[in-house]
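Enquirer: Below: one structure in structure tokens.
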Amino acid sequence: MKMSGARMVLECLKREGVDIVFGLPGGAVLPVYDALYDFQGIRHILVRQEAAAGHAAEGYARTTGKVGVCLVTSGPAATNLVTALQDAYMDSIPIVAFTGQVPTHLIGNDAFQEADNVGITRSCTKHNFLVKDGKDLGPIIREAFHIASTGRPGPVHVDLPKDVLVKEWELVWPEKIQLRSYNPTYDGHPGQIKRAAKLLVRARKPVLYVGGGAISSNASAELYELAELTQIPVTQTLMGLGAFPMEHPLSLDMLGMHGSYYANMAVHHSDVLVAVGARFDDRVTGRVDAFAPHAEIVHIDIDPSSISKNIQVHVPIVGDCRRVLQALIEAVRAELRDTTPSLAREARKQWLAEIAAWKANHPLRYEWDDELIKPQYVIQEISNLTRGEAMLVTGVGQHQMWAAQYYKFKHPRRWCTSGGLGTMGYGLPTAMGVAAAYPDRLVVNVDGDGSFVMNSQELATCHDDNLAVKTVVINNGGHGMVRQWQAIIYKGRFCAIDFGPSPDFVKLAEAYGCVGIRATKPSEVVPALEKAFSTPGPVVVDVWVDKWEYVFPMVPAGGANTDMILENPTAVVRDKAAKSQTGF
Amino acid sequence: MQNGSGPRKHTIAVLVENKFGVLSRVAGLFSARGYNIESLSVGETLDPSVSRMTLVVTGDEFVIEQVTKQLHKLIDVIKVSDLTDDDHVERELMLIRVNAEPQHREEILRTADIFRAKVVDVTPVSFTLEATGDEAKLEALVELLRPMGVQELVRTGKVAIARGPKTRVRKAEAPKKARVSDDPKVVGFAD
């Protein structure tokens, strides 16, 4: 079948099962848009800035488990996309990004809107391709989807020179993809799984530490089964939230820099720590030599390079989290049949009691105020009103941490946040991608006033494509997380954090044709949220919160996880924190 | 993170797809992760769709393990083997142009002979020598020629190959053989 390269791109996308493409046209990629004019079966959502196309594809991919797709032009469009690619790379999100490129004979000539796209994206993608010949187009797109969605998922970039798009080619479509240089390991080593099972059954103070890998391998059911079977408490990373229901008595909530007191204490005192699809990020471990110092560590991960990268592990298991957990459950059952671990069972009861005491003595808490809205309260009310069922997206900053702490997550794949890269402006475009994938679900974007304005132009996309994102701006009049660090670590030398009262978010929403609602007193929060959630179409709720509220617990960067600051620090604590500041 | 041993030089052979951009992926990996490449040489293998890179990297066990894993992670990398502790032969080629004053010409030729170096170009005032060997041998040759005045030298970087058919069992804990290159005092030996 002969067709133009541009049409071939669309044909291949359709064969890959793509139903939505987020994009923005421009010179080099126009042939694809021309082919899209009368192409059936693919919905195109026109974003207002290219990074938003990338983030929207991420939101689509995170919540559906399918590959997200974005399409932009050459040069500046491709460089705008870089942030989203790196974001997806850090958080292992499967997206395929297409960029236009100047015709092959002009590559390297500094042509109009030319950039070395593949050179630029090489270090922020799992893999990338420059299509120099139309006969490679089909196989390359097939490989791109294969690489993005298998093994440790990640972004793949395909650069499309204009002449390749214009010329007619015979479509080559390999049914099966076989790459001699890329064969991820899915099944864990049986011997290692047995070792891990022995450790789990005999452990006195075990903890499961669960990351985004449990989400991307759809391992929630297995995780639940293992936790219940072995009565091991579960703590989740920022990326892992939703893998295990937070209302479960074994849930320790999030760990790490802004994790719960009880999660960090449990990990610190554990004798066996089982990491499931988590990568011992510095925001999780704090000072590495003080992280889980007494524990034998089991690490389940599909990416061998994640193992023993930051922390030396004792039982590495390379494989897909879900398959490894399935095998581990079987091995644990066998182990339980063969042994009488009554001693361990008794120890386990003591361990859970110890954790219960930490929970009781140091729950997540904040001071209520009758006049000022506490940001934590807003999240709690969102959690109550949506019963933990909403699709929740955040920007980056204090509001993101409060959302992670106070929202009661129930299900996997309903939470999108920029974990590894910490990309401000991530919220709205990502929520757009979620809303496009799930038009019938409530999509809430909890954002900060600093983060939201980095991509607030996408309100236009929300309006025009009827993507009913409910944005709740936790408005504290500046960069709250920076304020917090300057207060606690930089001795209150506040610099470059306050916004003059601009913009007016209600008017901004209205200017884009969306609904704007404001809440300035605690009593207005619930009515404002109720109204937002029941109003059709995109809504922005501007919630004026107490700007001096900080996220606690907090482990100062470079500190040990046991050095948590639990409440608003006095000058003494502040000095202590400043002294322990060795990281960034 | 505790390190099992101190940093030392590792010779790593990497089989990669012979496609454009692969070299830059490998080089980019090293710069992005802060590892240093001491030398790198690339060439086609028997199978023209596969290239072989020989990398020399300095690092402790932990760094080398990461280097190996990260190389594996690159989609175009087919196979990575650390030859350091396996029996292997390594060679490097050097071209060196040295001042050849009348009073030194004899000595240069004698030295070249000892090192099995070939004279590949002669002018009234210079010799250009071609020498192959491992790193230590080439360094020894350079040291001996330095007093005559070395005008220019160029080295290919190391290439390495495993010796004979590999045994089934990898000698993981093989005691490290004292290599001549570990001893800075050794000068001037021929293979």
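Chain labels follow the order of the structure tokens: the first chain is A, the next B, and so on; residue numbering restarts at 1 in every chain, and ligands are counted from 1 in their shown order.
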Using only C-alpha atoms, which residues sit within 12 Å of region 146-150 of chain B once same-chain residues fewer than 5 positions away are excluded, as a list in words?

Expert: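 The contact residues come out as Leu95, Ile96, Arg97, Val98, Asn99, Ala100, Glu101, Pro102, Gln103, His104, Arg105, Glu106, Glu107, Ile108, Thr111, Val125, Ser126, Phe127, Thr128, Leu129, Glu139, Ala140 and Leu141 of chain B.
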
Enquirer: Mind dumping a table of every chain A residue within 10 Å of chain B, with the nearest atom pair and its distance in Å to one decimal, using only C-alpha atoms, sorted by chain and rising number, as a tab-separated table?

Expert:
residue	atom	partner	partner_atom	distance
A:Val118	CA	B:Gly21	CA	8.9
A:Gly119	CA	B:Gly21	CA	8.4
A:Arg122	CA	B:Arg25	CA	7.0
A:Ser123	CA	B:Gly28	CA	7.1
A:Lys126	CA	B:Leu74	CA	7.8
A:His127	CA	B:Ile75	CA	6.6
A:Asn128	CA	B:Ile75	CA	9.5
A:Phe129	CA	B:Gly21	CA	9.3
A:Leu130	CA	B:Phe20	CA	9.6
A:Ile147	CA	B:Ile75	CA	8.4
A:Arg152	CA	B:Lys73	CA	9.8
A:Leu179	CA	B:Ile75	CA	8.8
A:Arg180	CA	B:Ile78	CA	6.6
A:Ser181	CA	B:Ile78	CA	4.1
A:Tyr182	CA	B:Ile75	CA	5.7
A:Asn183	CA	B:Ile75	CA	9.3
A:Pro184	CA	B:Lys73	CA	9.5
A:Val288	CA	B:Met1	CA	7.4
A:Asp289	CA	B:Met1	CA	7.1
A:Asp303	CA	B:Lys73	CA	8.1
A:Pro304	CA	B:Lys69	CA	6.6
A:Ser305	CA	B:Lys69	CA	5.0
A:Ser306	CA	B:Lys69	CA	8.8
A:Ile307	CA	B:Gln66	CA	9.2
A:Ser308	CA	B:Phe62	CA	8.5
A:Lys309	CA	B:Gln66	CA	6.9
A:Asn310	CA	B:Met1	CA	6.6
A:Ile311	CA	B:Met1	CA	5.8
A:Gln312	CA	B:Met1	CA	6.2
A:Val313	CA	B:Met1	CA	10.0

Enquirer: Given the selection you just returned, output its residues as a file containing N, CA, C and O atoms, formatted as a short mmCIF file (atom, residue, chain, number, x, y, z; two decimals), in the first residue's frame.

Expert:
data_model
loop_
_atom_site.label_atom_id
_atom_site.label_comp_id
_atom_site.auth_asym_id
_atom_site.auth_seq_id
_atom_site.Cartn_x
_atom_site.Cartn_y
_atom_site.Cartn_z
N VAL A 118 17.12 15.22 17.71
CA VAL A 118 17.53 13.95 18.33
C VAL A 118 18.76 14.13 19.22
O VAL A 118 18.92 13.44 20.22
N GLY A 119 19.60 15.11 18.85
CA GLY A 119 20.76 15.39 19.70
C GLY A 119 20.30 15.94 21.04
O GLY A 119 20.84 15.58 22.09
N ARG A 122 18.34 13.16 23.17
CA ARG A 122 19.03 11.89 23.41
C ARG A 122 19.13 11.55 24.90
O ARG A 122 18.91 10.43 25.31
N SER A 123 19.44 12.57 25.69
CA SER A 123 19.65 12.28 27.11
C SER A 123 18.37 12.37 27.92
O SER A 123 18.41 12.15 29.12
N LYS A 126 14.07 7.49 26.59
CA LYS A 126 14.55 6.12 26.69
C LYS A 126 15.27 5.76 25.39
O LYS A 126 16.28 5.07 25.39
N HIS A 127 14.72 6.26 24.28
CA HIS A 127 15.37 6.06 23.00
C HIS A 127 14.81 7.10 22.03
O HIS A 127 13.74 7.64 22.26
N ASN A 128 15.56 7.39 20.96
CA ASN A 128 14.98 8.29 19.96
C ASN A 128 15.42 7.89 18.56
O ASN A 128 16.36 7.12 18.38
N PHE A 129 14.67 8.38 17.59
CA PHE A 129 14.90 8.01 16.19
C PHE A 129 14.83 9.24 15.30
O PHE A 129 13.98 10.10 15.50
N LEU A 130 15.68 9.30 14.30
CA LEU A 130 15.52 10.26 13.20
C LEU A 130 15.19 9.42 11.97
O LEU A 130 15.97 8.53 11.59
N ILE A 147 9.29 0.03 22.60
CA ILE A 147 10.30 0.43 23.58
C ILE A 147 9.66 1.27 24.69
O ILE A 147 9.96 1.11 25.87
N ARG A 152 11.22 -1.08 31.64
CA ARG A 152 10.90 0.12 32.41
C ARG A 152 10.38 1.14 31.43
O ARG A 152 11.12 1.59 30.54
N LEU A 179 14.03 -7.18 18.98
CA LEU A 179 15.25 -6.39 19.02
C LEU A 179 16.33 -7.19 19.74
O LEU A 179 16.15 -7.55 20.90
N ARG A 180 17.43 -7.46 19.06
CA ARG A 180 18.45 -8.31 19.69
C ARG A 180 19.11 -7.59 20.87
O ARG A 180 19.70 -8.22 21.73
N SER A 181 19.05 -6.25 20.84
CA SER A 181 19.76 -5.51 21.89
C SER A 181 18.83 -5.08 23.02
O SER A 181 19.24 -4.39 23.93
N TYR A 182 17.55 -5.47 22.98
CA TYR A 182 16.62 -5.00 24.00
C TYR A 182 15.66 -6.11 24.38
O TYR A 182 14.72 -6.41 23.64
N ASN A 183 15.93 -6.76 25.49
CA ASN A 183 15.08 -7.86 25.96
C ASN A 183 14.91 -7.76 27.47
O ASN A 183 15.65 -8.38 28.22
N PRO A 184 13.94 -6.96 27.93
CA PRO A 184 13.78 -6.79 29.37
C PRO A 184 13.47 -8.12 30.06
O PRO A 184 12.84 -9.00 29.48
N VAL A 288 21.95 8.74 52.93
CA VAL A 288 21.87 7.31 52.61
C VAL A 288 22.47 6.40 53.68
O VAL A 288 21.98 5.32 53.92
N ASP A 289 23.53 6.86 54.35
CA ASP A 289 24.15 5.95 55.33
C ASP A 289 23.28 5.80 56.57
O ASP A 289 23.50 4.92 57.39
N ASP A 303 14.39 -2.58 36.22
CA ASP A 303 15.58 -1.94 35.67
C ASP A 303 16.80 -2.31 36.50
O ASP A 303 16.97 -1.85 37.62
N PRO A 304 17.69 -3.17 35.95
CA PRO A 304 18.85 -3.60 36.73
C PRO A 304 19.70 -2.43 37.20
O PRO A 304 20.33 -2.49 38.26
N SER A 305 19.71 -1.33 36.44
CA SER A 305 20.57 -0.21 36.82
C SER A 305 20.02 0.54 38.03
O SER A 305 20.71 1.37 38.62
N SER A 306 18.76 0.28 38.41
CA SER A 306 18.23 0.91 39.62
C SER A 306 18.71 0.20 40.87
O SER A 306 18.67 0.74 41.96
N ILE A 307 19.14 -1.03 40.68
CA ILE A 307 19.50 -1.85 41.84
C ILE A 307 20.92 -1.56 42.29
O ILE A 307 21.84 -1.53 41.49
N SER A 308 21.05 -1.31 43.58
CA SER A 308 22.34 -0.94 44.18
C SER A 308 22.94 0.31 43.55
O SER A 308 24.15 0.45 43.50
N LYS A 309 22.08 1.21 43.09
CA LYS A 309 22.59 2.49 42.56
C LYS A 309 22.86 3.46 43.70
O LYS A 309 23.92 4.07 43.75
N ASN A 310 21.90 3.59 44.61
CA ASN A 310 22.07 4.52 45.73
C ASN A 310 22.32 3.80 47.05
O ASN A 310 23.00 4.31 47.91
N ILE A 311 21.71 2.62 47.18
CA ILE A 311 21.78 1.86 48.43
C ILE A 311 22.18 0.44 48.05
O ILE A 311 21.62 -0.11 47.11
N GLN A 312 23.13 -0.11 48.79
CA GLN A 312 23.52 -1.49 48.54
C GLN A 312 22.39 -2.41 48.99
O GLN A 312 21.97 -2.35 50.13
N VAL A 313 21.85 -3.24 48.08
CA VAL A 313 20.77 -4.13 48.48
C VAL A 313 21.30 -5.55 48.65
O VAL A 313 22.32 -5.92 48.09
#

Enquirer: Where does DSSP see alpha helix (DSSP H) in region 59-88 of chain B, if you list the residues as number ranges by chain?

Expert: B: 61-73

Enquirer: Pull N, CA, C and O atoms from the residues just selected and write them as a PDB file, in the first residue's frame.

Expert:
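In the end it all went to out_25.pdb:
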ATOM      1  N   GLU B  61      34.597  -0.690  42.110  1.00  0.00           N
ATOM      2  CA  GLU B  61      33.664  -1.730  41.723  1.00  0.00           C
ATOM      3  C   GLU B  61      32.257  -1.181  41.482  1.00  0.00           C
ATOM      4  O   GLU B  61      31.579  -1.562  40.545  1.00  0.00           O
ATOM      5  N   PHE B  62      31.853  -0.286  42.375  1.00  0.00           N
ATOM      6  CA  PHE B  62      30.513   0.252  42.343  1.00  0.00           C
ATOM      7  C   PHE B  62      30.278   1.108  41.087  1.00  0.00           C
ATOM      8  O   PHE B  62      29.263   0.978  40.398  1.00  0.00           O
ATOM      9  N   VAL B  63      31.275   1.928  40.763  1.00  0.00           N
ATOM     10  CA  VAL B  63      31.152   2.769  39.565  1.00  0.00           C
ATOM     11  C   VAL B  63      31.103   1.892  38.314  1.00  0.00           C
ATOM     12  O   VAL B  63      30.278   2.090  37.424  1.00  0.00           O
ATOM     13  N   ILE B  64      31.981   0.894  38.275  1.00  0.00           N
ATOM     14  CA  ILE B  64      32.045   0.039  37.087  1.00  0.00           C
ATOM     15  C   ILE B  64      30.743  -0.749  36.920  1.00  0.00           C
ATOM     16  O   ILE B  64      30.241  -0.928  35.813  1.00  0.00           O
ATOM     17  N   GLU B  65      30.164  -1.186  38.046  1.00  0.00           N
ATOM     18  CA  GLU B  65      28.896  -1.906  37.966  1.00  0.00           C
ATOM     19  C   GLU B  65      27.817  -0.999  37.357  1.00  0.00           C
ATOM     20  O   GLU B  65      27.049  -1.410  36.489  1.00  0.00           O
ATOM     21  N   GLN B  66      27.793   0.250  37.801  1.00  0.00           N
ATOM     22  CA  GLN B  66      26.824   1.198  37.245  1.00  0.00           C
ATOM     23  C   GLN B  66      27.090   1.467  35.765  1.00  0.00           C
ATOM     24  O   GLN B  66      26.172   1.519  34.961  1.00  0.00           O
ATOM     25  N   VAL B  67      28.377   1.654  35.420  1.00  0.00           N
ATOM     26  CA  VAL B  67      28.733   1.903  34.022  1.00  0.00           C
ATOM     27  C   VAL B  67      28.209   0.759  33.157  1.00  0.00           C
ATOM     28  O   VAL B  67      27.564   0.970  32.120  1.00  0.00           O
ATOM     29  N   THR B  68      28.453  -0.465  33.621  1.00  0.00           N
ATOM     30  CA  THR B  68      28.042  -1.635  32.848  1.00  0.00           C
ATOM     31  C   THR B  68      26.522  -1.680  32.704  1.00  0.00           C
ATOM     32  O   THR B  68      25.989  -1.894  31.622  1.00  0.00           O
ATOM     33  N   LYS B  69      25.831  -1.450  33.821  1.00  0.00           N
ATOM     34  CA  LYS B  69      24.360  -1.486  33.779  1.00  0.00           C
ATOM     35  C   LYS B  69      23.796  -0.379  32.906  1.00  0.00           C
ATOM     36  O   LYS B  69      22.847  -0.585  32.151  1.00  0.00           O
ATOM     37  N   GLN B  70      24.367   0.803  33.028  1.00  0.00           N
ATOM     38  CA  GLN B  70      23.847   1.930  32.245  1.00  0.00           C
ATOM     39  C   GLN B  70      24.099   1.699  30.758  1.00  0.00           C
ATOM     40  O   GLN B  70      23.273   2.066  29.922  1.00  0.00           O
ATOM     41  N   LEU B  71      25.259   1.112  30.421  1.00  0.00           N
ATOM     42  CA  LEU B  71      25.528   0.811  29.020  1.00  0.00           C
ATOM     43  C   LEU B  71      24.496  -0.185  28.501  1.00  0.00           C
ATOM     44  O   LEU B  71      23.939  -0.021  27.417  1.00  0.00           O
ATOM     45  N   HIS B  72      24.203  -1.193  29.315  1.00  0.00           N
ATOM     46  CA  HIS B  72      23.213  -2.196  28.952  1.00  0.00           C
ATOM     47  C   HIS B  72      21.859  -1.573  28.684  1.00  0.00           C
ATOM     48  O   HIS B  72      21.073  -2.051  27.870  1.00  0.00           O
ATOM     49  N   LYS B  73      21.576  -0.524  29.423  1.00  0.00           N
ATOM     50  CA  LYS B  73      20.259   0.113  29.348  1.00  0.00           C
ATOM     51  C   LYS B  73      20.057   0.807  27.998  1.00  0.00           C
ATOM     52  O   LYS B  73      18.929   0.991  27.572  1.00  0.00           O
TER      53      LYS B  73
END

Enquirer: Skipping near chain neighbours, those fewer than 4 positions away, what residues fall within 9 Å of Tyr186 (chain A) using only C-alpha atoms, listed as a list in words?

Expert: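 Result of the neighbour search: Gly151, Ile302, Val318, Gly319, Asp320, Cys321, Arg323 and Val324 of chain A.
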
Enquirer: From a backbone DSSP assignment, name each residue in region 22-182 of chain B labelled strand (DSSP E), as a ChimeraX atom specification.

Expert: /B:37-44,50-59,77-82,88-99,118-123,126-133,150-155,159-162

Enquirer: So which one's closest to Asp282 (chain A), A:Asn361, A:Thr185, A:Thr237, A:Ser251? Using only C-alpha atoms, please.

Expert: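 Distance minimum relative to Asp282 (chain A) lands on A:Thr237.
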
Enquirer: Could you list, as an MDAnalysis selection string, every residue within 8 Å of Leu459 (chain A), counting only C-alpha atoms and ignoring same-chain residues fewer than 3 positions away?

Expert: chainID A and resid 428 456 462:463 509 512 514 538

Enquirer: Create the file for the chosen residues now, containing C-alpha atoms and written as a short mmCIF file (atom, residue, chain, number, x, y, z; two decimals), in the first residue's frame.

Expert:
data_model
loop_
_atom_site.label_atom_id
_atom_site.label_comp_id
_atom_site.auth_asym_id
_atom_site.auth_seq_id
_atom_site.Cartn_x
_atom_site.Cartn_y
_atom_site.Cartn_z
CA LEU A 428 -3.19 21.67 34.26
CA SER A 456 -2.43 28.51 32.73
CA CYS A 462 -9.79 23.00 28.36
CA HIS A 463 -12.48 25.40 27.26
CA ALA A 509 -10.60 31.76 34.38
CA TYR A 512 -10.65 31.91 29.04
CA CYS A 514 -14.09 29.00 32.22
CA PRO A 538 -13.51 23.55 33.35
#

Enquirer: If we count only C-alpha atoms and set the cut-off at 10 Å, which residues sit around Lys176 (chain A), ignoring sequence neighbours fewer than 4 positions away in its own chain? Please answer as a VMD selection string.

Expert: chain A and resid 139 142 to 143 146

Enquirer: Fewer than 2 positions away in the same chain doesn't count, so skip those; otherwise give me all residues within 6 Å of region 205-210 of chain A, counting only C-alpha atoms, as a list in words.

Expert: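 My list of contacting residues is Ala203, Ile232, Pro233, Val234, Thr235, Gln236, Gly240, Ser270, Asp271, Val272, Leu273, Val274, Ala275, Val276, Ala278 and Trp351 of chain A.
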
Enquirer: Next, dump the selected residues to file, keeping only N, CA and C atoms, as an mmCIF file, in the first residue's frame.

Expert:
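After the write, again.cif holds the following:
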data_model
loop_
_atom_site.group_PDB
_atom_site.id
_atom_site.type_symbol
_atom_site.label_atom_id
_atom_site.label_comp_id
_atom_site.auth_asym_id
_atom_site.auth_seq_id
_atom_site.Cartn_x
_atom_site.Cartn_y
_atom_site.Cartn_z
ATOM 1 N N ALA A 203 11.132 -12.276 59.235
ATOM 2 C CA ALA A 203 11.387 -10.898 59.675
ATOM 3 C C ALA A 203 10.563 -10.570 60.910
ATOM 4 N N ILE A 232 2.521 -7.280 56.637
ATOM 5 C CA ILE A 232 3.631 -6.334 56.569
ATOM 6 C C ILE A 232 3.079 -4.949 56.248
ATOM 7 N N PRO A 233 3.417 -3.941 57.053
ATOM 8 C CA PRO A 233 2.944 -2.594 56.764
ATOM 9 C C PRO A 233 3.544 -2.051 55.464
ATOM 10 N N VAL A 234 2.787 -1.172 54.816
ATOM 11 C CA VAL A 234 3.155 -0.681 53.486
ATOM 12 C C VAL A 234 3.332 0.834 53.512
ATOM 13 N N THR A 235 4.484 1.291 53.065
ATOM 14 C CA THR A 235 4.638 2.730 52.841
ATOM 15 C C THR A 235 4.852 2.963 51.353
ATOM 16 N N GLN A 236 4.334 4.094 50.861
ATOM 17 C CA GLN A 236 4.386 4.362 49.429
ATOM 18 C C GLN A 236 5.181 5.627 49.156
ATOM 19 N N GLY A 240 4.219 6.125 44.065
ATOM 20 C CA GLY A 240 3.506 4.878 44.311
ATOM 21 C C GLY A 240 2.111 5.073 44.876
ATOM 22 N N SER A 270 13.242 -0.910 60.628
ATOM 23 C CA SER A 270 12.912 -2.192 60.017
ATOM 24 C C SER A 270 14.120 -3.124 60.000
ATOM 25 N N ASP A 271 13.840 -4.441 60.033
ATOM 26 C CA ASP A 271 14.932 -5.405 59.859
ATOM 27 C C ASP A 271 14.910 -6.013 58.462
ATOM 28 N N VAL A 272 13.759 -5.936 57.789
ATOM 29 C CA VAL A 272 13.695 -6.330 56.382
ATOM 30 C C VAL A 272 12.882 -5.276 55.646
ATOM 31 N N LEU A 273 13.479 -4.729 54.604
ATOM 32 C CA LEU A 273 12.785 -3.709 53.817
ATOM 33 C C LEU A 273 12.644 -4.245 52.396
ATOM 34 N N VAL A 274 11.398 -4.302 51.921
ATOM 35 C CA VAL A 274 11.172 -4.817 50.574
ATOM 36 C C VAL A 274 10.770 -3.652 49.670
ATOM 37 N N ALA A 275 11.658 -3.269 48.778
ATOM 38 C CA ALA A 275 11.366 -2.177 47.847
ATOM 39 C C ALA A 275 10.723 -2.777 46.596
ATOM 40 N N VAL A 276 9.543 -2.280 46.263
ATOM 41 C CA VAL A 276 8.825 -2.794 45.099
ATOM 42 C C VAL A 276 8.698 -1.672 44.071
ATOM 43 N N ALA A 278 10.624 0.776 43.327
ATOM 44 C CA ALA A 278 11.026 2.094 43.840
ATOM 45 C C ALA A 278 12.524 2.208 43.655
ATOM 46 N N TRP A 351 5.598 -5.448 66.547
ATOM 47 C CA TRP A 351 6.028 -4.458 65.543
ATOM 48 C C TRP A 351 4.849 -3.565 65.141
#

Enquirer: Could you pull the residues within 9 Å of region 470-472 of chain A, counting only C-alpha atoms, minus those fewer than 6 positions along the same chain, as a VMD selection string?

Expert: chain A and resid 378 427 to 428 431 442 to 448 452 529 532 to 533 537 to 543
